[in-house]
Amino acid sequence: MAELVFFSGTMDCGKSTLALQLDHNHAARGRQGIIFSRHDRAGASTISSRLGLRADAVEVTDGFDFHQHVVQLLSAGGKVDYLICDEANFYGSGQVDQLARVVDELGIDVFTFGITTDFRTKLFPGSQRLIELADRVEVLQVEALCWCGARATHNARTVGGVMVVEGAQVVVGDIAVNAGEVGYEVLCRRHHRRRLTAATARASVLSPDVLPFEDQPA
Ligand SMILES: Nc1ncnc2c1ncn2[C@@H]1O[C@H](COP(=O)(O)OP(=O)(O)O)[C@@H](O)[C@H]1O
Ligand SMILES: Cc1cn([C@H]2C[C@H](O)[C@@H](COP(=O)(O)O)O2)c(=O)[nH]c1=O
């Protein structure tokens with residue numbers, strides 16, 4: 001039976017890599033798939049992984065209708081066995097409903113990939129709907145790590161390495177700490193709550209305020 005699966009995790013845990021691997025494995029067995037993405041860092045109509053893999057993809061725009069797109073392809077005599085949907089956190093909740101229809105009414109497997117929560121720990125609309133509708137939610141096995149070594153569970157947005165908590169939900173970017181640039185860093189919940197990024201933790205260790213006093217007068 002066809003399935004709607006949501007592969008989720010933090011940024012940088014290997015979601016796009018897995019999406020491309022799944023596509024490769026299914027295609028190698030003669031199955032016909034379509035890859036979709038939205039706002040990939042490498043540009044429109046692309047799916048890219050930090051391991052260097054990249055492929056063409058159909059760009060999902062605001063008005064895009066997955067069900068209509070697949071029905072049109074099938075009506076034109078095309079074959080569609082599965083959909084790979086990357087950056088699904090950026091999809092609209094209605095588009096996730098369309099994906100569920102593709103599974104239930106057309107018998108096509110849909111594999112979706114995305115982060116669940118934004119830099120403020122709030123669910124993205126697309127991810128929320130996937131958690132509500134998916135047959136399975138799979139948390140990726142390759143764990144991204146916080147600077148402290150604990151498993152990273154949250155995504156922080158940074159400017160010059162300092163965590164920020166104001167701003168638009170969607171700002172395309174990468175894991176980075178370049179001065180002045182908007183970037184992201186994955187953290188454990190404890191350090192996300194305390195807004196302690198790698199750079200701020202390093203700075204607080206180096207700060208004379210927190211060094212033990214020596215040669216104190218008696
Ligand atoms: N130079 C490297 N050598 C080995 N693995 C790497 C390297 N660079 C990135 N990776 C792996 O790629 C993962 C990120 O993959 P990617 O598919 O881009 O993640 P996501 O889509 O979840 O943001 C990292 O967690 C790491 O395991
Ligand atoms: C936390 C968070 C992330 N984003 C953006 C940043 C990246 O462009 C993507 C995630 O891509 P990845 O392949 O999972 O690394 O999402 C955002 O727009 N808003 C956020 O709060």
# chains A, B, ... in the order shown; residues from 1 in each chain; ligands from 1

$ residues_around --residues "Arg202 of chain A" --least-positions-apart "6" --cutoff "12 Å" --atoms "only C-alpha atoms" --output "list of chain:residue names"
A:Trp147, A:Cys148, A:Gly161, A:Val162, A:Leu196, A:Val210

$ residues_near_ligand --ligand "ligand 1" --cutoff "7 Å" --atoms "only C-alpha atoms and all ligand atoms" --output "compact mmCIF listing (two decimals) with N, CA, C and O atoms, in the first residue's frame"
# COMPACT_ATOMS: atom_id res chain seq x y z
N GLY A 9 14.08 16.05 10.90
CA GLY A 9 15.26 16.20 11.75
C GLY A 9 15.63 17.66 11.75
O GLY A 9 14.91 18.50 11.18
N THR A 10 16.73 17.98 12.38
CA THR A 10 17.20 19.36 12.37
C THR A 10 17.81 19.67 11.01
O THR A 10 17.94 18.79 10.16
N MET A 11 18.25 20.90 10.84
CA MET A 11 19.06 21.24 9.67
C MET A 11 20.34 20.39 9.73
O MET A 11 20.79 19.98 10.80
N ASP A 12 20.90 20.08 8.58
CA ASP A 12 22.23 19.47 8.50
C ASP A 12 22.28 18.04 9.05
O ASP A 12 23.33 17.59 9.48
N CYS A 13 21.15 17.32 9.05
CA CYS A 13 21.20 15.94 9.56
C CYS A 13 21.15 14.92 8.42
O CYS A 13 21.08 13.72 8.69
N GLY A 14 21.16 15.41 7.17
CA GLY A 14 21.26 14.48 6.04
C GLY A 14 19.94 14.21 5.32
O GLY A 14 19.83 13.23 4.57
N LYS A 15 18.96 15.09 5.45
CA LYS A 15 17.65 14.86 4.83
C LYS A 15 17.74 14.86 3.30
O LYS A 15 17.21 13.96 2.65
N SER A 16 18.41 15.87 2.74
CA SER A 16 18.48 15.95 1.28
C SER A 16 19.33 14.82 0.72
O SER A 16 19.05 14.29 -0.37
N THR A 17 20.35 14.43 1.48
CA THR A 17 21.18 13.29 1.05
C THR A 17 20.32 12.04 0.97
O THR A 17 20.35 11.30 -0.03
N LEU A 18 19.52 11.80 2.02
CA LEU A 18 18.65 10.63 2.04
C LEU A 18 17.61 10.70 0.91
O LEU A 18 17.30 9.69 0.27
N SER A 48 19.77 19.92 -3.36
CA SER A 48 21.22 19.79 -3.15
C SER A 48 21.49 19.30 -1.73
O SER A 48 20.76 19.63 -0.81
N SER A 49 22.56 18.51 -1.62
CA SER A 49 22.98 18.06 -0.29
C SER A 49 24.39 18.56 -0.02
O SER A 49 25.17 18.80 -0.95
N ARG A 50 24.73 18.71 1.26
CA ARG A 50 26.06 19.20 1.63
C ARG A 50 27.15 18.19 1.30
O ARG A 50 28.33 18.51 1.38
N LEU A 51 26.75 16.95 0.96
CA LEU A 51 27.75 15.96 0.54
C LEU A 51 28.13 16.15 -0.93
O LEU A 51 28.93 15.40 -1.46
N VAL A 142 21.24 9.86 11.46
CA VAL A 142 22.49 10.61 11.61
C VAL A 142 22.15 11.86 12.42
O VAL A 142 21.48 12.76 11.93
N ALA A 144 22.62 15.32 14.15
CA ALA A 144 23.48 16.51 14.18
C ALA A 144 23.76 16.79 15.66
O ALA A 144 22.95 16.47 16.53

$ select_by_dssp --residues "segment 19-153 of chain A" --states "alpha helix (DSSP H)" --output "mmCIF file with all heavy atoms, in the first residue's frame"
data_model
loop_
_atom_site.group_PDB
_atom_site.id
_atom_site.type_symbol
_atom_site.label_atom_id
_atom_site.label_comp_id
_atom_site.auth_asym_id
_atom_site.auth_seq_id
_atom_site.Cartn_x
_atom_site.Cartn_y
_atom_site.Cartn_z
ATOM 1 N N ALA A 19 17.096 11.907 0.650
ATOM 2 C CA ALA A 19 16.114 12.073 -0.432
ATOM 3 C C ALA A 19 16.730 11.628 -1.766
ATOM 4 O O ALA A 19 16.107 10.897 -2.536
ATOM 5 C CB ALA A 19 15.676 13.538 -0.504
ATOM 6 N N LEU A 20 17.968 12.052 -2.000
ATOM 7 C CA LEU A 20 18.631 11.691 -3.259
ATOM 8 C C LEU A 20 18.985 10.200 -3.292
ATOM 9 O O LEU A 20 18.921 9.559 -4.341
ATOM 10 C CB LEU A 20 19.882 12.567 -3.454
ATOM 11 C CG LEU A 20 19.541 14.013 -3.832
ATOM 12 C CD1 LEU A 20 20.701 14.956 -3.549
ATOM 13 C CD2 LEU A 20 19.148 14.094 -5.304
ATOM 14 N N GLN A 21 19.329 9.636 -2.141
ATOM 15 C CA GLN A 21 19.621 8.194 -2.080
ATOM 16 C C GLN A 21 18.357 7.376 -2.357
ATOM 17 O O GLN A 21 18.401 6.393 -3.104
ATOM 18 C CB GLN A 21 20.161 7.826 -0.694
ATOM 19 C CG GLN A 21 21.589 8.297 -0.458
ATOM 20 C CD GLN A 21 22.035 8.000 0.972
ATOM 21 O OE1 GLN A 21 21.309 8.277 1.932
ATOM 22 N NE2 GLN A 21 23.215 7.447 1.111
ATOM 23 N N LEU A 22 17.247 7.797 -1.737
ATOM 24 C CA LEU A 22 15.985 7.080 -1.968
ATOM 25 C C LEU A 22 15.620 7.113 -3.445
ATOM 26 O O LEU A 22 15.214 6.106 -4.023
ATOM 27 C CB LEU A 22 14.863 7.736 -1.162
ATOM 28 C CG LEU A 22 14.513 7.125 0.175
ATOM 29 C CD1 LEU A 22 13.416 7.916 0.854
ATOM 30 C CD2 LEU A 22 14.051 5.683 -0.021
ATOM 31 N N ASP A 23 15.765 8.301 -4.044
ATOM 32 C CA ASP A 23 15.449 8.435 -5.470
ATOM 33 C C ASP A 23 16.327 7.491 -6.291
ATOM 34 O O ASP A 23 15.839 6.782 -7.179
ATOM 35 C CB ASP A 23 15.658 9.885 -5.918
ATOM 36 C CG ASP A 23 15.386 10.045 -7.407
ATOM 37 O OD1 ASP A 23 14.264 9.709 -7.824
ATOM 38 O OD2 ASP A 23 16.288 10.470 -8.143
ATOM 39 N N HIS A 24 17.609 7.461 -5.951
ATOM 40 C CA HIS A 24 18.543 6.605 -6.691
ATOM 41 C C HIS A 24 18.128 5.130 -6.581
ATOM 42 O O HIS A 24 18.087 4.412 -7.581
ATOM 43 C CB HIS A 24 19.954 6.805 -6.137
ATOM 44 C CG HIS A 24 20.973 5.902 -6.741
ATOM 45 N ND1 HIS A 24 21.617 6.186 -7.925
ATOM 46 C CD2 HIS A 24 21.426 4.688 -6.350
ATOM 47 C CE1 HIS A 24 22.441 5.207 -8.225
ATOM 48 N NE2 HIS A 24 22.346 4.281 -7.291
ATOM 49 N N ASN A 25 17.814 4.697 -5.361
ATOM 50 C CA ASN A 25 17.487 3.280 -5.145
ATOM 51 C C ASN A 25 16.201 2.874 -5.867
ATOM 52 O O ASN A 25 16.122 1.786 -6.433
ATOM 53 C CB ASN A 25 17.342 2.991 -3.643
ATOM 54 C CG ASN A 25 18.682 3.048 -2.936
ATOM 55 O OD1 ASN A 25 19.721 3.224 -3.575
ATOM 56 N ND2 ASN A 25 18.673 2.927 -1.627
ATOM 57 N N HIS A 26 15.209 3.751 -5.830
ATOM 58 C CA HIS A 26 13.943 3.424 -6.505
ATOM 59 C C HIS A 26 14.131 3.443 -8.028
ATOM 60 O O HIS A 26 13.635 2.562 -8.728
ATOM 61 C CB HIS A 26 12.839 4.389 -6.070
ATOM 62 C CG HIS A 26 12.299 4.066 -4.703
ATOM 63 N ND1 HIS A 26 11.136 3.370 -4.500
ATOM 64 C CD2 HIS A 26 12.786 4.313 -3.475
ATOM 65 C CE1 HIS A 26 10.920 3.213 -3.188
ATOM 66 N NE2 HIS A 26 11.917 3.787 -2.556
ATOM 67 N N ALA A 27 14.851 4.456 -8.516
ATOM 68 C CA ALA A 27 15.079 4.571 -9.971
ATOM 69 C C ALA A 27 15.888 3.375 -10.479
ATOM 70 O O ALA A 27 15.657 2.875 -11.584
ATOM 71 C CB ALA A 27 15.801 5.880 -10.280
ATOM 72 N N ALA A 28 16.820 2.897 -9.638
ATOM 73 C CA ALA A 28 17.661 1.765 -10.042
ATOM 74 C C ALA A 28 16.831 0.501 -10.249
ATOM 75 O O ALA A 28 17.257 -0.420 -10.957
ATOM 76 C CB ALA A 28 18.732 1.504 -8.977
ATOM 77 N N PHE A 66 -0.032 19.696 -6.236
ATOM 78 C CA PHE A 66 0.618 18.389 -6.452
ATOM 79 C C PHE A 66 -0.331 17.401 -7.135
ATOM 80 O O PHE A 66 0.066 16.681 -8.063
ATOM 81 C CB PHE A 66 1.064 17.784 -5.101
ATOM 82 C CG PHE A 66 2.291 18.391 -4.540
ATOM 83 C CD1 PHE A 66 2.218 19.372 -3.571
ATOM 84 C CD2 PHE A 66 3.549 17.978 -4.972
ATOM 85 C CE1 PHE A 66 3.361 19.930 -3.031
ATOM 86 C CE2 PHE A 66 4.711 18.536 -4.439
ATOM 87 C CZ PHE A 66 4.603 19.519 -3.463
ATOM 88 N N HIS A 67 -1.570 17.349 -6.658
ATOM 89 C CA HIS A 67 -2.526 16.358 -7.177
ATOM 90 C C HIS A 67 -2.771 16.607 -8.662
ATOM 91 O O HIS A 67 -2.681 15.695 -9.488
ATOM 92 C CB HIS A 67 -3.822 16.430 -6.364
ATOM 93 C CG HIS A 67 -4.781 15.333 -6.683
ATOM 94 N ND1 HIS A 67 -5.820 15.483 -7.562
ATOM 95 C CD2 HIS A 67 -4.832 14.042 -6.260
ATOM 96 C CE1 HIS A 67 -6.481 14.352 -7.652
ATOM 97 N NE2 HIS A 67 -5.904 13.454 -6.870
ATOM 98 N N GLN A 68 -3.031 17.886 -8.993
ATOM 99 C CA GLN A 68 -3.287 18.250 -10.391
ATOM 100 C C GLN A 68 -2.067 17.939 -11.270
ATOM 101 O O GLN A 68 -2.207 17.396 -12.361
ATOM 102 C CB GLN A 68 -3.590 19.744 -10.431
ATOM 103 C CG GLN A 68 -4.226 20.240 -11.694
ATOM 104 C CD GLN A 68 -4.491 21.732 -11.572
ATOM 105 O OE1 GLN A 68 -3.577 22.515 -11.267
ATOM 106 N NE2 GLN A 68 -5.721 22.137 -11.762
ATOM 107 N N HIS A 69 -0.874 18.244 -10.751
ATOM 108 C CA HIS A 69 0.369 18.011 -11.506
ATOM 109 C C HIS A 69 0.519 16.526 -11.864
ATOM 110 O O HIS A 69 0.809 16.176 -13.009
ATOM 111 C CB HIS A 69 1.554 18.468 -10.649
ATOM 112 C CG HIS A 69 2.883 18.401 -11.338
ATOM 113 N ND1 HIS A 69 3.372 19.414 -12.123
ATOM 114 C CD2 HIS A 69 3.830 17.421 -11.358
ATOM 115 C CE1 HIS A 69 4.558 19.084 -12.591
ATOM 116 N NE2 HIS A 69 4.865 17.872 -12.147
ATOM 117 N N VAL A 70 0.262 15.663 -10.878
ATOM 118 C CA VAL A 70 0.448 14.219 -11.110
ATOM 119 C C VAL A 70 -0.659 13.691 -12.020
ATOM 120 O O VAL A 70 -0.387 12.899 -12.942
ATOM 121 C CB VAL A 70 0.477 13.455 -9.763
ATOM 122 C CG1 VAL A 70 0.544 11.961 -9.985
ATOM 123 C CG2 VAL A 70 1.673 13.918 -8.920
ATOM 124 N N VAL A 71 -1.897 14.147 -11.797
ATOM 125 C CA VAL A 71 -3.014 13.682 -12.638
ATOM 126 C C VAL A 71 -2.753 14.055 -14.095
ATOM 127 O O VAL A 71 -2.974 13.258 -15.006
ATOM 128 C CB VAL A 71 -4.362 14.266 -12.132
ATOM 129 C CG1 VAL A 71 -5.459 14.086 -13.174
ATOM 130 C CG2 VAL A 71 -4.760 13.601 -10.818
ATOM 131 N N GLN A 72 -2.241 15.271 -14.320
ATOM 132 C CA GLN A 72 -1.948 15.709 -15.698
ATOM 133 C C GLN A 72 -0.909 14.805 -16.347
ATOM 134 O O GLN A 72 -1.044 14.407 -17.498
ATOM 135 C CB GLN A 72 -1.444 17.152 -15.693
ATOM 136 C CG GLN A 72 -2.571 18.152 -15.895
ATOM 137 C CD GLN A 72 -2.140 19.587 -15.635
ATOM 138 O OE1 GLN A 72 -0.957 19.867 -15.434
ATOM 139 N NE2 GLN A 72 -3.101 20.488 -15.616
ATOM 140 N N LEU A 73 0.125 14.459 -15.572
ATOM 141 C CA LEU A 73 1.179 13.580 -16.111
ATOM 142 C C LEU A 73 0.624 12.202 -16.455
ATOM 143 O O LEU A 73 0.915 11.638 -17.509
ATOM 144 C CB LEU A 73 2.308 13.423 -15.084
ATOM 145 C CG LEU A 73 3.355 14.519 -15.051
ATOM 146 C CD1 LEU A 73 4.272 14.337 -13.849
ATOM 147 C CD2 LEU A 73 4.183 14.457 -16.339
ATOM 148 N N LEU A 74 -0.200 11.671 -15.540
ATOM 149 C CA LEU A 74 -0.774 10.339 -15.767
ATOM 150 C C LEU A 74 -1.727 10.372 -16.967
ATOM 151 O O LEU A 74 -1.731 9.435 -17.787
ATOM 152 C CB LEU A 74 -1.527 9.855 -14.513
ATOM 153 C CG LEU A 74 -0.667 9.608 -13.266
ATOM 154 C CD1 LEU A 74 -1.548 9.292 -12.052
ATOM 155 C CD2 LEU A 74 0.334 8.475 -13.494
ATOM 156 N N SER A 75 -2.501 11.455 -17.084
ATOM 157 C CA SER A 75 -3.473 11.567 -18.187
ATOM 158 C C SER A 75 -2.758 11.644 -19.533
ATOM 159 O O SER A 75 -3.300 11.239 -20.556
ATOM 160 C CB SER A 75 -4.334 12.819 -18.030
ATOM 161 O OG SER A 75 -4.902 12.828 -16.759
ATOM 162 N N SER A 93 0.017 24.055 4.045
ATOM 163 C CA SER A 93 -0.664 22.894 4.625
ATOM 164 C C SER A 93 -1.630 22.279 3.609
ATOM 165 O O SER A 93 -1.816 21.062 3.577
ATOM 166 C CB SER A 93 -1.359 23.247 5.941
ATOM 167 O OG SER A 93 -2.208 24.329 5.743
ATOM 168 N N GLY A 94 -2.233 23.116 2.744
ATOM 169 C CA GLY A 94 -3.115 22.585 1.697
ATOM 170 C C GLY A 94 -2.343 21.700 0.723
ATOM 171 O O GLY A 94 -2.877 20.701 0.200
ATOM 172 N N GLN A 95 -1.099 22.053 0.471
ATOM 173 C CA GLN A 95 -0.278 21.230 -0.443
ATOM 174 C C GLN A 95 0.020 19.863 0.179
ATOM 175 O O GLN A 95 0.115 18.862 -0.518
ATOM 176 C CB GLN A 95 1.012 21.985 -0.796
ATOM 177 C CG GLN A 95 0.735 23.152 -1.737
ATOM 178 C CD GLN A 95 1.925 24.052 -1.984
ATOM 179 O OE1 GLN A 95 2.742 24.302 -1.079
ATOM 180 N NE2 GLN A 95 2.021 24.578 -3.193
ATOM 181 N N VAL A 96 0.149 19.820 1.502
ATOM 182 C CA VAL A 96 0.356 18.523 2.170
ATOM 183 C C VAL A 96 -0.924 17.682 2.057
ATOM 184 O O VAL A 96 -0.862 16.468 1.834
ATOM 185 C CB VAL A 96 0.786 18.716 3.636
ATOM 186 C CG1 VAL A 96 0.865 17.393 4.370
ATOM 187 C CG2 VAL A 96 2.133 19.445 3.692
ATOM 188 N N ASP A 97 -2.081 18.328 2.146
ATOM 189 C CA ASP A 97 -3.345 17.600 1.920
ATOM 190 C C ASP A 97 -3.376 17.010 0.504
ATOM 191 O O ASP A 97 -3.841 15.885 0.302
ATOM 192 C CB ASP A 97 -4.544 18.530 2.131
ATOM 193 C CG ASP A 97 -4.837 18.738 3.611
ATOM 194 O OD1 ASP A 97 -4.095 19.484 4.276
ATOM 195 O OD2 ASP A 97 -5.789 18.108 4.106
ATOM 196 N N GLN A 98 -2.874 17.785 -0.466
ATOM 197 C CA GLN A 98 -2.823 17.271 -1.845
ATOM 198 C C GLN A 98 -1.925 16.037 -1.928
ATOM 199 O O GLN A 98 -2.232 15.073 -2.626
ATOM 200 C CB GLN A 98 -2.290 18.349 -2.796
ATOM 201 C CG GLN A 98 -3.205 19.552 -2.967
ATOM 202 C CD GLN A 98 -2.443 20.783 -3.437
ATOM 203 O OE1 GLN A 98 -1.293 20.694 -3.893
ATOM 204 N NE2 GLN A 98 -3.081 21.941 -3.332
ATOM 205 N N LEU A 99 -0.823 16.054 -1.185
ATOM 206 C CA LEU A 99 0.097 14.901 -1.190
ATOM 207 C C LEU A 99 -0.599 13.665 -0.615
ATOM 208 O O LEU A 99 -0.429 12.545 -1.120
ATOM 209 C CB LEU A 99 1.368 15.221 -0.397
ATOM 210 C CG LEU A 99 2.305 16.257 -1.034
ATOM 211 C CD1 LEU A 99 3.441 16.628 -0.082
ATOM 212 C CD2 LEU A 99 2.870 15.727 -2.359
ATOM 213 N N ALA A 100 -1.402 13.873 0.431
ATOM 214 C CA ALA A 100 -2.142 12.744 1.015
ATOM 215 C C ALA A 100 -3.132 12.182 -0.003
ATOM 216 O O ALA A 100 -3.323 10.955 -0.095
ATOM 217 C CB ALA A 100 -2.858 13.197 2.284
ATOM 218 N N ARG A 101 -3.739 13.052 -0.801
ATOM 219 C CA ARG A 101 -4.667 12.584 -1.859
ATOM 220 C C ARG A 101 -3.923 11.776 -2.915
ATOM 221 O O ARG A 101 -4.442 10.789 -3.434
ATOM 222 C CB ARG A 101 -5.312 13.786 -2.558
ATOM 223 C CG ARG A 101 -6.555 14.299 -1.875
ATOM 224 C CD ARG A 101 -7.212 15.376 -2.731
ATOM 225 N NE ARG A 101 -7.962 14.839 -3.864
ATOM 226 C CZ ARG A 101 -8.390 15.572 -4.899
ATOM 227 N NH1 ARG A 101 -8.138 16.857 -4.956
ATOM 228 N NH2 ARG A 101 -9.070 15.005 -5.881
ATOM 229 N N VAL A 102 -2.710 12.224 -3.244
ATOM 230 C CA VAL A 102 -1.895 11.498 -4.240
ATOM 231 C C VAL A 102 -1.659 10.068 -3.751
ATOM 232 O O VAL A 102 -1.756 9.102 -4.511
ATOM 233 C CB VAL A 102 -0.556 12.240 -4.487
ATOM 234 C CG1 VAL A 102 0.423 11.380 -5.263
ATOM 235 C CG2 VAL A 102 -0.801 13.561 -5.208
ATOM 236 N N VAL A 103 -1.389 9.933 -2.448
ATOM 237 C CA VAL A 103 -1.154 8.597 -1.873
ATOM 238 C C VAL A 103 -2.448 7.778 -1.900
ATOM 239 O O VAL A 103 -2.483 6.648 -2.410
ATOM 240 C CB VAL A 103 -0.643 8.718 -0.411
ATOM 241 C CG1 VAL A 103 -0.504 7.349 0.240
ATOM 242 C CG2 VAL A 103 0.689 9.454 -0.374
ATOM 243 N N ASP A 104 -3.523 8.360 -1.360
ATOM 244 C CA ASP A 104 -4.753 7.596 -1.142
ATOM 245 C C ASP A 104 -5.533 7.321 -2.427
ATOM 246 O O ASP A 104 -6.098 6.249 -2.593
ATOM 247 C CB ASP A 104 -5.677 8.347 -0.167
ATOM 248 C CG ASP A 104 -5.038 8.486 1.206
ATOM 249 O OD1 ASP A 104 -4.083 7.745 1.495
ATOM 250 O OD2 ASP A 104 -5.499 9.351 1.988
ATOM 251 N N GLU A 105 -5.579 8.309 -3.322
ATOM 252 C CA GLU A 105 -6.432 8.159 -4.508
ATOM 253 C C GLU A 105 -5.676 7.640 -5.722
ATOM 254 O O GLU A 105 -6.258 7.035 -6.607
ATOM 255 C CB GLU A 105 -7.092 9.505 -4.850
ATOM 256 C CG GLU A 105 -8.043 9.971 -3.751
ATOM 257 C CD GLU A 105 -8.617 11.350 -4.015
ATOM 258 O OE1 GLU A 105 -8.519 11.859 -5.149
ATOM 259 O OE2 GLU A 105 -9.159 11.934 -3.053
ATOM 260 N N LEU A 106 -4.345 7.904 -5.754
ATOM 261 C CA LEU A 106 -3.585 7.483 -6.941
ATOM 262 C C LEU A 106 -2.635 6.331 -6.623
ATOM 263 O O LEU A 106 -1.993 5.786 -7.517
ATOM 264 C CB LEU A 106 -2.800 8.679 -7.520
ATOM 265 C CG LEU A 106 -3.638 9.938 -7.832
ATOM 266 C CD1 LEU A 106 -2.752 11.086 -8.293
ATOM 267 C CD2 LEU A 106 -4.679 9.624 -8.918
ATOM 268 N N PRO A 125 4.152 25.419 9.020
ATOM 269 C CA PRO A 125 2.816 24.924 8.654
ATOM 270 C C PRO A 125 2.862 23.585 7.891
ATOM 271 O O PRO A 125 2.081 22.680 8.183
ATOM 272 C CB PRO A 125 2.250 26.035 7.762
ATOM 273 C CG PRO A 125 3.020 27.263 8.146
ATOM 274 C CD PRO A 125 4.378 26.804 8.587
ATOM 275 N N GLY A 126 3.794 23.467 6.940
ATOM 276 C CA GLY A 126 3.889 22.224 6.163
ATOM 277 C C GLY A 126 4.257 21.037 7.045
ATOM 278 O O GLY A 126 3.709 19.938 6.908
ATOM 279 N N SER A 127 5.174 21.259 7.982
ATOM 280 C CA SER A 127 5.610 20.180 8.877
ATOM 281 C C SER A 127 4.486 19.793 9.828
ATOM 282 O O SER A 127 4.276 18.611 10.118
ATOM 283 C CB SER A 127 6.835 20.621 9.674
ATOM 284 O OG SER A 127 7.793 21.160 8.810
ATOM 285 N N GLN A 128 3.764 20.797 10.303
ATOM 286 C CA GLN A 128 2.644 20.509 11.215
ATOM 287 C C GLN A 128 1.627 19.599 10.522
ATOM 288 O O GLN A 128 1.185 18.594 11.070
ATOM 289 C CB GLN A 128 1.959 21.807 11.635
ATOM 290 C CG GLN A 128 0.754 21.530 12.531
ATOM 291 C CD GLN A 128 0.041 22.786 12.991
ATOM 292 O OE1 GLN A 128 0.571 23.884 12.921
ATOM 293 N NE2 GLN A 128 -1.165 22.615 13.471
ATOM 294 N N ARG A 129 1.306 19.947 9.262
ATOM 295 C CA ARG A 129 0.306 19.137 8.542
ATOM 296 C C ARG A 129 0.842 17.743 8.248
ATOM 297 O O ARG A 129 0.078 16.761 8.285
ATOM 298 C CB ARG A 129 -0.086 19.861 7.241
ATOM 299 C CG ARG A 129 -1.376 19.364 6.639
ATOM 300 C CD ARG A 129 -2.574 19.712 7.489
ATOM 301 N NE ARG A 129 -3.802 19.112 6.995
ATOM 302 C CZ ARG A 129 -4.656 18.429 7.768
ATOM 303 N NH1 ARG A 129 -4.430 18.258 9.041
ATOM 304 N NH2 ARG A 129 -5.749 17.922 7.249
ATOM 305 N N LEU A 130 2.138 17.634 8.006
ATOM 306 C CA LEU A 130 2.724 16.306 7.762
ATOM 307 C C LEU A 130 2.666 15.453 9.026
ATOM 308 O O LEU A 130 2.354 14.262 8.963
ATOM 309 C CB LEU A 130 4.168 16.443 7.269
ATOM 310 C CG LEU A 130 4.267 16.705 5.768
ATOM 311 C CD1 LEU A 130 5.635 17.233 5.382
ATOM 312 C CD2 LEU A 130 3.936 15.434 4.978
ATOM 313 N N ILE A 131 2.936 16.054 10.170
ATOM 314 C CA ILE A 131 2.847 15.299 11.430
ATOM 315 C C ILE A 131 1.402 14.835 11.643
ATOM 316 O O ILE A 131 1.145 13.732 12.117
ATOM 317 C CB ILE A 131 3.370 16.154 12.606
ATOM 318 C CG1 ILE A 131 4.880 16.343 12.455
ATOM 319 C CG2 ILE A 131 3.046 15.512 13.950
ATOM 320 C CD1 ILE A 131 5.470 17.441 13.331
ATOM 321 N N GLU A 132 0.458 15.684 11.227
ATOM 322 C CA GLU A 132 -0.960 15.320 11.387
ATOM 323 C C GLU A 132 -1.388 14.214 10.434
ATOM 324 O O GLU A 132 -2.216 13.369 10.781
ATOM 325 C CB GLU A 132 -1.838 16.565 11.157
ATOM 326 C CG GLU A 132 -1.730 17.606 12.273
ATOM 327 C CD GLU A 132 -2.243 18.989 11.880
ATOM 328 O OE1 GLU A 132 -2.526 19.234 10.689
ATOM 329 O OE2 GLU A 132 -2.341 19.848 12.771
ATOM 330 N N LEU A 133 -0.829 14.211 9.210
ATOM 331 C CA LEU A 133 -1.358 13.313 8.178
ATOM 332 C C LEU A 133 -0.482 12.113 7.820
ATOM 333 O O LEU A 133 -1.000 11.137 7.269
ATOM 334 C CB LEU A 133 -1.596 14.105 6.880
ATOM 335 C CG LEU A 133 -2.728 15.122 6.862
ATOM 336 C CD1 LEU A 133 -2.877 15.697 5.455
ATOM 337 C CD2 LEU A 133 -4.056 14.479 7.289
#

$ select_by_dssp --residues "chain A" --states "strand (DSSP E)" --output "VMD selection string"
chain A and resid 4 to 8 33 to 37 46 to 48 54 to 56 58 to 59 82 to 85 109 to 114 136 to 139 154 to 159 162 to 164 182 to 187

$ closest_atom_pairs --of "chain A" --to "ligand 2" --cutoff "6 Å" --atoms "only C-alpha atoms and all ligand atoms" --output "Markdown table"
| residue | atom | partner | partner_atom_place_in_ligand_line | distance |
| --- | --- | --- | --- | --- |
| A:Met11 | CA | ligand 2 | 14 (O) | 3.8 |
| A:Asp12 | CA | ligand 2 | 15 (O) | 4.9 |
| A:Arg41 | CA | ligand 2 | 8 (O) | 5.5 |
| A:Gly114 | CA | ligand 2 | 14 (O) | 5.9 |
| A:Ile115 | CA | ligand 2 | 14 (O) | 5.5 |
| A:Asp118 | CA | ligand 2 | 21 (O) | 3.3 |
| A:Phe119 | CA | ligand 2 | 21 (O) | 3.8 |
| A:Asn155 | CA | ligand 2 | 1 (C) | 4.8 |
| A:Gln169 | CA | ligand 2 | 19 (N) | 5.0 |
| A:Val170 | CA | ligand 2 | 18 (O) | 3.3 |
| A:Val171 | CA | ligand 2 | 18 (O) | 3.8 |
| A:Val172 | CA | ligand 2 | 8 (O) | 3.4 |
| A:Gly173 | CA | ligand 2 | 8 (O) | 4.2 |
| A:Asp174 | CA | ligand 2 | 7 (C) | 5.8 |
